[in-house]
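S.K.: If it helps, the file is called model-v4.tsv and holds TSV, C-alpha atoms:
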chain	number	residue	atom	x	y	z
A	120	MET	CA	19.99	12.06	-11.14
A	121	LYS	CA	17.59	9.67	-12.86
A	122	ALA	CA	14.02	9.40	-11.60
A	123	VAL	CA	10.67	7.92	-12.62
A	124	THR	CA	8.38	10.78	-13.56
A	125	TRP	CA	4.66	11.04	-14.30
A	126	HIS	CA	3.50	12.51	-17.62
A	127	GLY	CA	-0.10	11.39	-17.98
A	128	LYS	CA	-2.32	8.35	-17.92
A	129	ARG	CA	-0.17	5.23	-18.43
A	130	ASP	CA	2.80	7.47	-19.26
A	131	VAL	CA	5.75	7.26	-16.87
A	132	ARG	CA	9.30	8.00	-17.96
A	133	VAL	CA	12.82	7.78	-16.59
A	134	GLU	CA	14.35	11.23	-16.88
A	135	ASP	CA	17.26	13.30	-15.61
A	136	VAL	CA	16.11	15.66	-12.85
A	137	PRO	CA	18.02	17.88	-10.40
A	138	ASP	CA	19.61	16.13	-7.43
A	139	PRO	CA	17.78	16.75	-4.13
A	140	LYS	CA	19.39	18.96	-1.49
A	141	ILE	CA	19.04	19.52	2.23
A	142	GLU	CA	16.30	22.14	2.65
A	143	GLU	CA	15.46	21.89	6.35
A	144	PRO	CA	17.57	20.96	9.41
A	145	THR	CA	15.47	17.79	9.81
A	146	ASP	CA	16.18	16.56	6.26
A	147	ALA	CA	18.41	13.74	5.09
A	148	ILE	CA	19.54	12.71	1.63
A	149	VAL	CA	19.38	8.97	0.93
A	150	ARG	CA	20.98	7.18	-2.02
A	151	ILE	CA	18.34	4.67	-3.09
A	152	THR	CA	19.35	1.04	-3.53
A	153	SER	CA	15.89	-0.53	-3.94
A	154	THR	CA	12.41	0.91	-4.41
A	155	GLY	CA	9.11	-0.86	-4.99
A	156	ILE	CA	6.22	-0.28	-7.36
A	157	CYS	CA	3.10	-0.41	-5.19
A	158	GLY	CA	-0.43	-1.31	-6.20
A	159	SER	CA	-1.45	2.20	-5.16
A	160	ASP	CA	1.10	3.59	-7.67
A	161	LEU	CA	-1.15	2.03	-10.30
A	162	HIS	CA	-3.96	4.35	-9.15
A	163	LEU	CA	-1.73	7.25	-10.23
A	164	TYR	CA	-0.94	5.42	-13.46
A	165	GLU	CA	-4.61	4.93	-14.28
A	166	VAL	CA	-7.18	6.91	-12.22
A	167	LEU	CA	-5.75	9.76	-10.13
A	168	GLY	CA	-4.07	11.72	-12.92
A	169	PRO	CA	-6.06	14.91	-12.21
A	170	PHE	CA	-4.17	15.23	-8.92
A	171	MET	CA	-0.71	14.77	-10.46
A	172	GLY	CA	1.66	17.31	-11.97
A	173	GLU	CA	3.74	16.89	-15.10
A	174	GLY	CA	7.13	15.55	-14.05
A	175	ASP	CA	6.14	14.49	-10.52
A	176	ILE	CA	8.60	11.89	-9.17
A	177	LEU	CA	6.82	8.68	-8.22
A	178	GLY	CA	7.42	6.05	-5.56
A	179	HIS	CA	6.93	5.57	-1.84
A	180	GLU	CA	8.67	2.27	-1.01
A	181	PRO	CA	12.39	3.14	-0.87
A	182	MET	CA	15.45	2.08	1.04
A	183	GLY	CA	19.08	2.99	0.70
A	184	VAL	CA	22.15	4.55	2.28
A	185	VAL	CA	22.31	7.91	4.04
A	186	GLU	CA	24.50	10.38	2.15
A	187	GLU	CA	23.95	13.59	4.12
A	188	VAL	CA	21.96	14.76	7.14
A	189	GLY	CA	20.68	18.10	8.38
A	190	SER	CA	21.82	19.68	11.62
A	191	ALA	CA	18.71	18.48	13.52
A	192	VAL	CA	19.11	14.76	12.66
A	193	PRO	CA	21.28	13.37	15.47
A	194	ASN	CA	20.20	9.74	14.99
A	195	LEU	CA	21.57	9.21	11.47
A	196	LYS	CA	24.98	9.54	9.86
A	197	PRO	CA	26.36	9.04	6.35
A	198	GLY	CA	26.71	5.35	5.60
A	199	ASP	CA	23.70	4.22	7.64
A	200	ARG	CA	21.43	1.78	5.83
A	201	VAL	CA	17.80	2.84	6.17
A	202	VAL	CA	14.26	2.06	5.06
A	203	VAL	CA	12.04	5.10	4.53
A	204	PRO	CA	8.35	4.80	5.57
A	205	PHE	CA	5.91	6.04	2.96
A	206	ASN	CA	4.17	8.48	5.31
A	207	ILE	CA	6.14	11.50	6.50
A	208	SER	CA	5.68	11.99	10.23
A	209	CYS	CA	7.37	13.99	12.98
A	210	GLY	CA	7.05	11.62	15.95
A	211	HIS	CA	6.12	14.26	18.51
A	212	CYS	CA	2.74	15.79	17.59
A	213	TYR	CA	-0.63	14.84	19.11
A	214	MET	CA	-1.34	12.25	16.40
A	215	CYS	CA	2.12	10.68	16.29
A	216	GLU	CA	2.15	10.27	20.07
A	217	ARG	CA	-1.08	8.25	19.71
A	218	GLY	CA	0.34	5.95	17.04
A	219	LEU	CA	-1.48	7.70	14.21
A	220	GLN	CA	1.54	8.72	12.17
A	221	SER	CA	-0.52	8.75	8.96
A	222	GLN	CA	-2.37	11.72	10.48
A	223	CYS	CA	0.78	13.60	11.61
A	224	GLU	CA	-0.20	17.19	12.39
A	225	THR	CA	3.23	18.53	11.43
A	226	THR	CA	2.99	17.27	7.83
A	227	GLN	CA	-0.80	17.22	7.35
A	228	VAL	CA	-1.87	18.68	4.02
A	229	THR	CA	-4.43	20.98	5.62
A	230	SER	CA	-5.02	22.94	2.42
A	231	LYS	CA	-6.58	19.80	0.94
A	232	GLY	CA	-8.14	18.52	4.15
A	233	LYS	CA	-5.91	15.43	4.11
A	234	GLY	CA	-3.65	13.58	6.53
A	235	ALA	CA	0.13	13.32	6.66
A	236	SER	CA	2.21	13.99	3.57
A	237	LEU	CA	3.26	10.96	1.53
A	238	PHE	CA	6.22	10.41	-0.73
A	239	GLY	CA	5.42	10.47	-4.44
A	240	TYR	CA	1.66	10.68	-4.05
A	241	THR	CA	-0.31	13.54	-5.64
A	242	LYS	CA	-1.09	17.13	-4.76
A	243	LEU	CA	-3.58	15.86	-2.18
A	244	TYR	CA	-0.73	14.50	-0.06
A	245	GLY	CA	1.86	17.23	-0.42
A	246	GLN	CA	3.33	16.51	-3.87
A	247	VAL	CA	6.57	15.40	-2.17
A	248	PRO	CA	9.10	13.94	-4.68
A	249	GLY	CA	9.12	10.17	-4.41
A	250	GLY	CA	11.65	7.40	-4.06
A	251	GLN	CA	11.73	5.81	-7.53
A	252	ALA	CA	14.93	7.71	-8.13
A	253	GLU	CA	18.65	7.57	-7.50
A	254	TYR	CA	18.41	9.94	-4.53
A	255	LEU	CA	15.64	11.05	-2.16
A	256	ARG	CA	15.27	14.03	0.15
A	257	VAL	CA	13.70	12.69	3.36
A	258	PRO	CA	11.90	15.28	5.50
A	259	GLN	CA	11.47	14.57	9.25
A	260	ALA	CA	14.53	12.33	9.05
A	261	HIS	CA	15.07	12.61	12.82
A	262	TYR	CA	12.09	10.23	13.17
A	263	GLY	CA	11.03	8.53	9.94
A	264	PRO	CA	13.88	6.41	8.55
A	265	VAL	CA	14.37	2.98	10.09
A	266	LYS	CA	17.98	1.83	10.45
A	267	VAL	CA	18.54	-1.77	9.36
A	268	PRO	CA	21.61	-4.03	9.51
A	269	GLN	CA	24.26	-4.11	6.81
A	270	GLY	CA	24.66	-7.36	4.93
A	271	PRO	CA	21.36	-9.07	4.05
A	272	ALA	CA	19.80	-8.37	0.67
A	273	ASP	CA	17.46	-5.39	0.28
A	274	GLU	CA	14.55	-7.79	-0.24
A	275	ARG	CA	14.79	-8.61	3.46
A	276	PHE	CA	14.04	-5.04	4.56
A	277	VAL	CA	12.56	-2.91	1.78
A	278	TYR	CA	8.99	-3.96	2.59
A	279	LEU	CA	9.24	-2.15	5.94
A	280	SER	CA	8.53	1.01	3.94
A	281	ASP	CA	4.94	-0.05	3.25
A	282	VAL	CA	4.00	-3.67	2.54
A	283	VAL	CA	4.70	-5.35	5.88
A	284	PRO	CA	3.42	-2.54	8.19
A	285	THR	CA	0.36	-2.06	5.98
A	286	ALA	CA	-0.45	-5.76	6.12
A	287	TRP	CA	0.28	-5.91	9.86
A	288	GLN	CA	-2.13	-3.03	10.49
A	289	ALA	CA	-4.76	-4.62	8.23
A	290	VAL	CA	-4.58	-7.84	10.25
A	291	ASP	CA	-4.58	-5.95	13.54
A	292	TYR	CA	-7.62	-3.92	12.49
A	293	ALA	CA	-9.37	-7.11	11.35
A	294	ALA	CA	-9.54	-8.31	14.98
A	295	ILE	CA	-9.35	-11.98	14.01
A	296	PRO	CA	-10.32	-14.11	17.03
A	297	ARG	CA	-7.72	-16.57	18.23
A	298	ASP	CA	-8.28	-19.71	16.12
A	299	GLY	CA	-10.76	-17.70	14.02
A	300	SER	CA	-11.20	-17.28	10.27
A	301	VAL	CA	-10.28	-14.49	7.90
A	302	VAL	CA	-10.86	-13.92	4.19
A	303	VAL	CA	-8.37	-11.78	2.27
A	304	TYR	CA	-9.69	-10.31	-0.96
A	305	GLY	CA	-6.83	-9.56	-3.35
A	306	LEU	CA	-3.57	-11.51	-3.34
A	307	GLY	CA	-1.19	-8.84	-4.53
A	308	PRO	CA	1.78	-8.01	-2.28
A	309	ILE	CA	-0.36	-6.60	0.56
A	310	GLY	CA	-2.86	-9.46	0.40
A	311	GLN	CA	-0.10	-12.08	0.32
A	312	MET	CA	1.50	-10.55	3.39
A	313	CYS	CA	-1.87	-10.24	5.15
A	314	CYS	CA	-2.37	-13.98	4.73
A	315	ARG	CA	1.08	-14.80	6.09
A	316	ILE	CA	0.77	-12.41	9.03
A	317	ALA	CA	-2.72	-13.70	9.88
A	318	ARG	CA	-1.35	-17.26	10.05
A	319	HIS	CA	1.64	-16.06	12.06
A	320	ARG	CA	-0.67	-14.35	14.55
A	321	GLY	CA	-2.80	-17.44	15.09
A	322	ALA	CA	-5.70	-17.44	12.62
A	323	ALA	CA	-6.93	-21.01	12.17
A	324	LYS	CA	-8.39	-20.57	8.70
A	325	VAL	CA	-7.02	-18.10	6.15
A	326	ILE	CA	-8.88	-17.89	2.84
A	327	GLY	CA	-7.47	-15.90	-0.07
A	328	VAL	CA	-9.55	-14.70	-3.03
A	329	ASP	CA	-8.12	-13.62	-6.39
A	330	LEU	CA	-8.41	-14.29	-10.11
A	331	VAL	CA	-4.73	-14.37	-11.09
A	332	PRO	CA	-3.32	-17.94	-11.16
A	333	GLU	CA	0.20	-17.00	-10.04
A	334	ARG	CA	-1.12	-15.12	-7.01
A	335	LEU	CA	-3.37	-17.99	-6.01
A	336	ALA	CA	-0.48	-20.45	-6.34
A	337	LEU	CA	1.84	-18.30	-4.22
A	338	ALA	CA	-0.75	-18.00	-1.44
A	339	GLU	CA	-1.29	-21.77	-1.47
A	340	ARG	CA	2.41	-22.30	-0.85
A	341	TYR	CA	1.95	-20.52	2.48
A	342	GLY	CA	-0.94	-22.68	3.63
A	343	VAL	CA	-3.76	-20.42	2.46
A	344	THR	CA	-7.06	-21.90	1.26
A	345	VAL	CA	-7.63	-20.16	-2.05
A	346	VAL	CA	-10.80	-19.28	-3.94
A	347	ASP	CA	-10.48	-18.57	-7.65
A	348	ALA	CA	-12.87	-15.72	-8.43
A	349	ARG	CA	-12.82	-16.65	-12.13
A	350	THR	CA	-14.57	-19.96	-11.51
A	351	GLU	CA	-16.34	-19.39	-8.18
A	352	LYS	CA	-19.25	-17.12	-9.08
A	353	ASP	CA	-20.54	-16.70	-5.51
A	354	VAL	CA	-17.52	-16.21	-3.28
A	355	PRO	CA	-19.50	-15.24	-0.13
A	356	ALA	CA	-21.56	-18.43	-0.43
A	357	ALA	CA	-18.40	-20.49	-0.86
A	358	VAL	CA	-16.91	-18.88	2.26
A	359	ARG	CA	-20.05	-19.59	4.29
A	360	GLU	CA	-19.80	-23.22	3.28
A	361	MET	CA	-16.22	-23.27	4.63
A	362	THR	CA	-17.16	-21.56	7.91
A	363	GLY	CA	-20.14	-23.49	9.24
A	364	GLY	CA	-22.68	-21.36	7.40
A	365	ARG	CA	-21.88	-18.14	9.29
A	366	GLY	CA	-19.26	-16.44	7.14
A	367	ALA	CA	-15.75	-15.41	8.13
A	368	ASP	CA	-15.00	-13.81	11.49
A	369	SER	CA	-12.99	-11.16	9.66
A	370	VAL	CA	-12.50	-9.92	6.11
A	371	ILE	CA	-9.60	-7.88	4.72
A	372	ASP	CA	-10.16	-5.91	1.51
A	373	ALA	CA	-6.69	-5.56	-0.02
A	374	VAL	CA	-8.01	-4.48	-3.43
A	375	GLY	CA	-9.50	-1.01	-3.20
A	376	MET	CA	-10.92	1.41	-5.72
A	377	GLU	CA	-10.14	-0.43	-8.96
A	378	ALA	CA	-11.76	-3.77	-8.23
A	379	HIS	CA	-12.72	-6.05	-11.10
A	380	GLY	CA	-16.42	-6.74	-11.58
A	381	ALA	CA	-17.68	-3.18	-11.07
A	382	PRO	CA	-18.69	-2.00	-14.56
A	383	LEU	CA	-20.50	1.17	-13.47
A	384	GLY	CA	-17.60	2.30	-11.33
A	385	LYS	CA	-15.19	1.52	-14.15
A	386	LEU	CA	-17.31	3.54	-16.58
A	387	ALA	CA	-17.32	6.48	-14.13
A	388	HIS	CA	-13.51	6.34	-13.90
A	389	GLN	CA	-13.21	6.25	-17.68
A	390	MET	CA	-15.57	9.16	-18.18
A	391	VAL	CA	-13.77	11.33	-15.62
A	392	GLY	CA	-10.50	10.39	-17.31
A	393	LEU	CA	-11.72	12.10	-20.49
A	394	LEU	CA	-12.23	15.45	-18.75
A	395	PRO	CA	-9.60	18.20	-18.45
A	396	ASP	CA	-7.74	18.01	-15.14
A	397	GLN	CA	-9.13	21.34	-13.91
A	398	VAL	CA	-12.64	19.89	-14.27
A	399	ALA	CA	-11.90	16.30	-13.26
A	400	ALA	CA	-10.05	17.07	-10.01
A	401	PRO	CA	-12.86	18.94	-8.19
A	402	LEU	CA	-15.39	16.46	-9.57
A	403	MET	CA	-13.44	13.54	-8.09
A	404	GLU	CA	-12.88	15.36	-4.78
A	405	LYS	CA	-16.60	16.07	-4.31
A	406	GLY	CA	-18.40	13.42	-6.33
A	407	GLY	CA	-16.02	10.55	-7.03
A	408	VAL	CA	-17.33	6.97	-7.08
A	409	ASP	CA	-15.16	3.90	-6.56
A	410	ARG	CA	-15.45	0.43	-8.02
A	411	LEU	CA	-16.99	-1.26	-4.99
A	412	ALA	CA	-17.50	-4.88	-6.02
A	413	VAL	CA	-14.98	-6.24	-3.51
A	414	LEU	CA	-16.14	-4.06	-0.63
A	415	HIS	CA	-19.75	-5.14	-1.19
A	416	GLU	CA	-18.63	-8.78	-1.37
A	417	SER	CA	-16.71	-8.28	1.87
A	418	ILE	CA	-19.91	-7.10	3.57
A	419	ASP	CA	-21.69	-10.20	2.28
A	420	THR	CA	-18.81	-12.49	3.29
A	421	VAL	CA	-18.22	-11.45	6.90
A	422	ARG	CA	-20.30	-13.10	9.61
A	423	ARG	CA	-22.75	-11.19	11.76
A	424	GLY	CA	-20.86	-9.23	14.38
A	425	GLY	CA	-17.63	-9.64	12.39
A	426	THR	CA	-15.01	-7.10	11.35
A	427	ILE	CA	-13.99	-5.74	7.95
A	428	SER	CA	-10.54	-4.19	7.57
A	429	LEU	CA	-9.80	-2.01	4.53
A	430	SER	CA	-6.21	-1.68	3.41
A	431	GLY	CA	-6.98	-1.15	-0.28
A	432	VAL	CA	-7.14	2.55	-1.16
A	433	TYR	CA	-10.54	4.14	-1.75
A	434	GLY	CA	-11.07	7.69	-2.93
A	435	GLY	CA	-14.77	8.15	-3.68
A	436	MET	CA	-16.90	10.79	-1.95
A	437	LEU	CA	-20.28	9.47	-3.12
A	438	ASP	CA	-19.78	5.73	-2.82
A	439	PRO	CA	-23.12	3.94	-2.33
A	440	MET	CA	-22.96	1.65	0.71
A	441	PRO	CA	-25.53	-0.94	1.86
A	442	MET	CA	-26.03	0.67	5.25
A	443	MET	CA	-29.12	-1.38	6.13
A	444	GLU	CA	-27.18	-4.62	5.69
A	445	MET	CA	-24.15	-3.29	7.55
A	446	PHE	CA	-26.30	-2.13	10.47
A	447	ASP	CA	-28.37	-5.31	10.55
A	448	LYS	CA	-25.27	-7.53	10.53
A	449	GLN	CA	-23.61	-5.40	13.24
A	450	ILE	CA	-20.45	-5.12	11.17
A	451	GLN	CA	-17.38	-3.38	12.54
A	452	LEU	CA	-15.35	-1.49	9.92
A	453	ARG	CA	-11.78	-0.20	10.29
A	454	MET	CA	-9.59	1.43	7.67
A	455	GLY	CA	-6.87	3.93	6.90
A	456	GLN	CA	-3.34	4.48	5.67
A	457	ALA	CA	-0.83	2.41	7.61
A	458	ASN	CA	0.83	4.12	10.56
A	459	VAL	CA	4.17	2.65	9.56
A	460	ARG	CA	6.28	3.76	12.51
A	461	ARG	CA	3.68	2.42	14.97
A	462	TRP	CA	4.31	-1.16	13.85
A	463	ILE	CA	8.08	-1.18	13.29
A	464	ASP	CA	8.88	-2.66	16.70
A	465	ASP	CA	6.51	-5.55	15.90
A	466	VAL	CA	7.71	-6.31	12.39
A	467	LEU	CA	11.44	-5.48	12.34
A	468	PRO	CA	12.37	-8.60	14.37
A	469	LEU	CA	10.38	-10.76	11.94
A	470	VAL	CA	12.04	-9.47	8.77
A	471	SER	CA	15.45	-9.57	10.50
A	472	ASP	CA	15.02	-13.24	11.44
A	473	ASP	CA	17.16	-15.46	9.22
A	474	SER	CA	14.36	-18.06	9.19
A	475	ASP	CA	12.24	-15.50	7.27
A	476	PRO	CA	8.90	-16.35	8.94
A	477	LEU	CA	6.94	-13.98	6.68
A	478	GLY	CA	8.64	-15.06	3.46
A	479	VAL	CA	9.78	-11.56	2.55
A	480	GLU	CA	12.66	-12.86	0.47
A	481	ASP	CA	10.42	-14.58	-2.07
A	482	LEU	CA	7.81	-11.84	-2.52
A	483	ALA	CA	9.55	-9.98	-5.34
A	484	THR	CA	8.98	-11.61	-8.70
A	485	HIS	CA	11.00	-9.03	-10.65
A	486	LEU	CA	14.20	-7.16	-9.72
A	487	TRP	CA	14.74	-4.65	-12.50
A	488	PRO	CA	16.97	-1.63	-13.06
A	489	LEU	CA	15.35	1.79	-12.68
A	490	ASP	CA	15.68	2.39	-16.43
A	491	ARG	CA	13.05	-0.29	-17.07
A	492	ALA	CA	10.38	1.40	-14.93
A	493	PRO	CA	7.97	2.22	-17.80
A	494	GLU	CA	8.00	-1.43	-18.88
A	495	ALA	CA	7.62	-2.54	-15.26
A	496	TYR	CA	4.56	-0.34	-14.73
A	497	ARG	CA	2.89	-1.75	-17.86
A	498	MET	CA	3.66	-5.33	-16.85
A	499	PHE	CA	2.42	-4.88	-13.28
A	500	GLN	CA	-0.73	-3.03	-14.31
A	501	GLN	CA	-1.61	-5.67	-16.91
A	502	LYS	CA	-0.66	-8.57	-14.57
A	503	GLN	CA	1.76	-10.01	-17.12
A	504	ASP	CA	4.73	-12.36	-16.72
A	505	GLY	CA	3.57	-13.51	-13.29
A	506	ALA	CA	4.29	-10.10	-11.79
A	507	ILE	CA	3.35	-9.92	-8.11
A	508	LYS	CA	5.97	-7.51	-6.77
A	509	VAL	CA	8.45	-5.41	-8.75
A	510	LEU	CA	11.53	-3.86	-7.16
A	511	LEU	CA	13.50	-1.25	-9.07
A	512	GLN	CA	17.20	-0.91	-8.33
A	513	PRO	CA	18.89	2.35	-9.38
For the file at hand, write its structure as structure tokens.

M.R.:
Amino acid sequence: MKAVTWHGKRDVRVEDVPDPKIEEPTDAIVRITSTGICGSDLHLYEVLGPFMGEGDILGHEPMGVVEEVGSAVPNLKPGDRVVVPFNISCGHCYMCERGLQSQCETTQVTSKGKGASLFGYTKLYGQVPGGQAEYLRVPQAHYGPVKVPQGPADERFVYLSDVVPTAWQAVDYAAIPRDGSVVVYGLGPIGQMCCRIARHRGAAKVIGVDLVPERLALAERYGVTVVDARTEKDVPAAVREMTGGRGADSVIDAVGMEAHGAPLGKLAHQMVGLLPDQVAAPLMEKGGVDRLAVLHESIDTVRRGGTISLSGVYGGMLDPMPMMEMFDKQIQLRMGQANVRRWIDDVLPLVSDDSDPLGVEDLATHLWPLDRAPEAYRMFQQKQDGAIKVLLQP
């Protein structure tokens, strides 16, 4: 089969690799019909190379059609149309029973001290082959895959793998008061969906911050008040002016470790990138530093007693944080990988609704064949051609 494989910094290729096979009774094989490129895939493309292996198959936002199931998968059959959550969880362990599927104790990568295994995402999270491919082996298929109706286009459902549950959790964790205000930093796919979900769940004022014109324009179409970070040099001050001088009730950081405007963090990333992997990997695990400009702005932006929700991925172990300010402002902080299965009952009816209340059908700006994946990664990483969301279709 053809698959998107990692070969180094900014070097992904489409290659022929062996077809996946059933390895465990709880496995399924899914023929992929659509698969997204996620903003966190760009971390592998740029920063997290020391944790990748030559030829690793990328991708964690797939959907498709079941081709084969193991003997312990009674809920699926060949021909079923499914979306595959990005975290691999069993559904019956201590963590899964508490709605913390991203911490599943059955698939935890205990050798690395990490949570549940993820598709297509580094040695730290199990090095499980990903879904940017023609076929995918799905472990824990008795629980993970979400069956969806036949008929509507993939764009209606594919975001159940990551984007919609991640944004739903980010908004839930943000604890926006009814008729309250929220600022969303970063208007990529997750940030766009956070804004829409926040409005859907009753936020009175939703403010989106970015520096890419197309992303700002798309958010405005959904009733978001936008702040252009290219021209507004003091975003927290601008937000306070919009919120009676207090700041926003809640802030969602949908950017993460590669934020613009953090030159020291960027320099640290670049320097580590010059080291051999066997040196860089332990250095990043023990002494990594993120680009924290957005997180620090979030702390400045939120009102006293407010809540910050992190959905953007961070990976630093020595990140400097303004603890005095956080303590003094009595800030609440929540974060973590999305527990996809926890939120499916909330979001599946919304994406199934023909009125499309979350606008899932207009999120993808590019629908490209799998063969164009290297070009798609470059375009998305460099924010070219108005790229907001890219779906690859094998």

S.K.: Env of Met312 in chain A: 7 Å cut, atoms = all atoms listed in the file, seq-sep filter 4 positions within chain, self excluded. Answer as a list in words.

M.R.: Val283, Ala286, Pro308 and Ile316 of chain A

S.K.: Given all atoms listed in the file as the basis, pick out the residue of A:Lys121, A:His211, A:Lys352, A:Arg200 nearest to Leu177 in chain A.

M.R.: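 Among the listed residues, A:Lys121 lies closest to Leu177 in chain A.
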
S.K.: Just checking: using only C-alpha atoms, which residue out of A:Leu306, A:Cys209, A:Ala348, A:Val509 ends up closest to Ala336 in chain A?

M.R.: A:Leu306

S.K.: Please determine, counting only C-alpha atoms, which residue among A:Tyr278, A:Tyr496, A:Tyr254, A:Phe205 has the shortest atom-to-atom distance to Gly239 in chain A.

M.R.: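 The closest residue to Gly239 in chain A is A:Phe205.
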
S.K.: What does the distance from CA of Ala322 in chain A to CA of Arg297 in chain A come to in Å, to one decimal?

M.R.: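 Calculated distance between CA of Ala322 in chain A and CA of Arg297 in chain A is 6.0 Å.
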
S.K.: What is the distance, in Å and to one decimal place, between CA of Leu477 in chain A and CA of Leu279 in chain A?

M.R.: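 Interatomic distance, CA of Leu477 in chain A to CA of Leu279 in chain A: 12.1 Å.
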
S.K.: Around the point (14.9, 7.3, 1.8), in the coordinates given by the file, pick out the residues reaching within 8 Å, counting all atoms listed in the file, and return them as a list in words.

M.R.: Ile148, Val149, Arg150, Ile151, Pro181, Met182, Gly183, Val184, Val185, Val201, Val202, Val203, Pro204, Gly250, Tyr254, Leu255, Arg256, Val257 and Pro264 of chain A

S.K.: Smallest atom-to-atom distance to Ala373 in chain A: which of A:Gly270, A:Trp487, A:Asp146, A:Ser159, using all atoms listed in the file?

M.R.: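 Of the candidates, the smallest distance to Ala373 in chain A is held by A:Ser159.
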
S.K.: Where does range 156-197 of chain A meet range 497-501 of chain A within 12 Å, residue by residue, with the nearest atom pair and distance in Å to one decimal for each, counting all atoms listed in the file, listed by chain and rising number, as JSON lines?

M.R.:
{"residue": "A:Ile156", "atom": "CA", "partner": "A:Phe499", "partner_atom": "CA", "distance": 8.4}
{"residue": "A:Cys157", "atom": "CA", "partner": "A:Phe499", "partner_atom": "CA", "distance": 9.3}
{"residue": "A:Gly158", "atom": "CA", "partner": "A:Gln500", "partner_atom": "CA", "distance": 8.3}
{"residue": "A:Ser159", "atom": "CA", "partner": "A:Gln500", "partner_atom": "CA", "distance": 10.6}
{"residue": "A:Asp160", "atom": "CA", "partner": "A:Gln500", "partner_atom": "CA", "distance": 9.6}
{"residue": "A:Leu161", "atom": "CA", "partner": "A:Gln500", "partner_atom": "CA", "distance": 6.5}
{"residue": "A:His162", "atom": "CA", "partner": "A:Gln500", "partner_atom": "CA", "distance": 9.6}
{"residue": "A:Leu163", "atom": "CA", "partner": "A:Gln500", "partner_atom": "CA", "distance": 11.1}
{"residue": "A:Tyr164", "atom": "CA", "partner": "A:Gln500", "partner_atom": "CA", "distance": 8.5}
{"residue": "A:Glu165", "atom": "CA", "partner": "A:Gln500", "partner_atom": "CA", "distance": 8.9}

S.K.: Can you tell me how far CA of Val374 in chain A sits from CA of Ile418 in chain A, in Å to one decimal?

M.R.: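 Interatomic distance, CA of Val374 in chain A to CA of Ile418 in chain A: 14.1 Å.
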
S.K.: Nearest to Asn206 in chain A: which of A:Lys502, A:Ala457, A:Pro271, A:Glu224 is it, counting only C-alpha atoms?

M.R.: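 Using only C-alpha atoms, Asn206 in chain A sits closest to A:Ala457.
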
S.K.: Which polymer residues have any atom within 7 Å of an atom of Arg453 in chain A, counting all atoms listed in the file, with same-chain residues fewer than 6 positions away left out, as a list in words?

M.R.: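 Final neighbour list, sorted by chain and number: Tyr292, Ile427, Ser428 and Leu429 of chain A.
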
S.K.: Tell me which of A:Leu469, A:Ala260, A:Cys313, A:Ile295 sits closest to Ile207 in chain A, counting all atoms listed in the file.

M.R.: A:Ala260

S.K.: Near Ala492 in chain A, within 8 Å and counting all atoms listed in the file, which residues show up once chain neighbours fewer than 5 positions away are dropped, as an NGL selection string?

M.R.: :A and (123 or 131-133 or 487 or 511)

S.K.: For Ala191 in chain A, find every residue with an atom within 8 Å (counting only C-alpha atoms), except residues of its own chain fewer than 4 positions away, and show them as a short mmCIF file (atom, residue, chain, number, x, y, z; two decimals) with C-alpha atoms, in the frame of the given file.

M.R.:
data_model
loop_
_atom_site.label_atom_id
_atom_site.label_comp_id
_atom_site.auth_asym_id
_atom_site.auth_seq_id
_atom_site.Cartn_x
_atom_site.Cartn_y
_atom_site.Cartn_z
CA PRO A 144 17.57 20.96 9.41
CA THR A 145 15.47 17.79 9.81
CA ASP A 146 16.18 16.56 6.26
CA HIS A 261 15.07 12.61 12.82
#
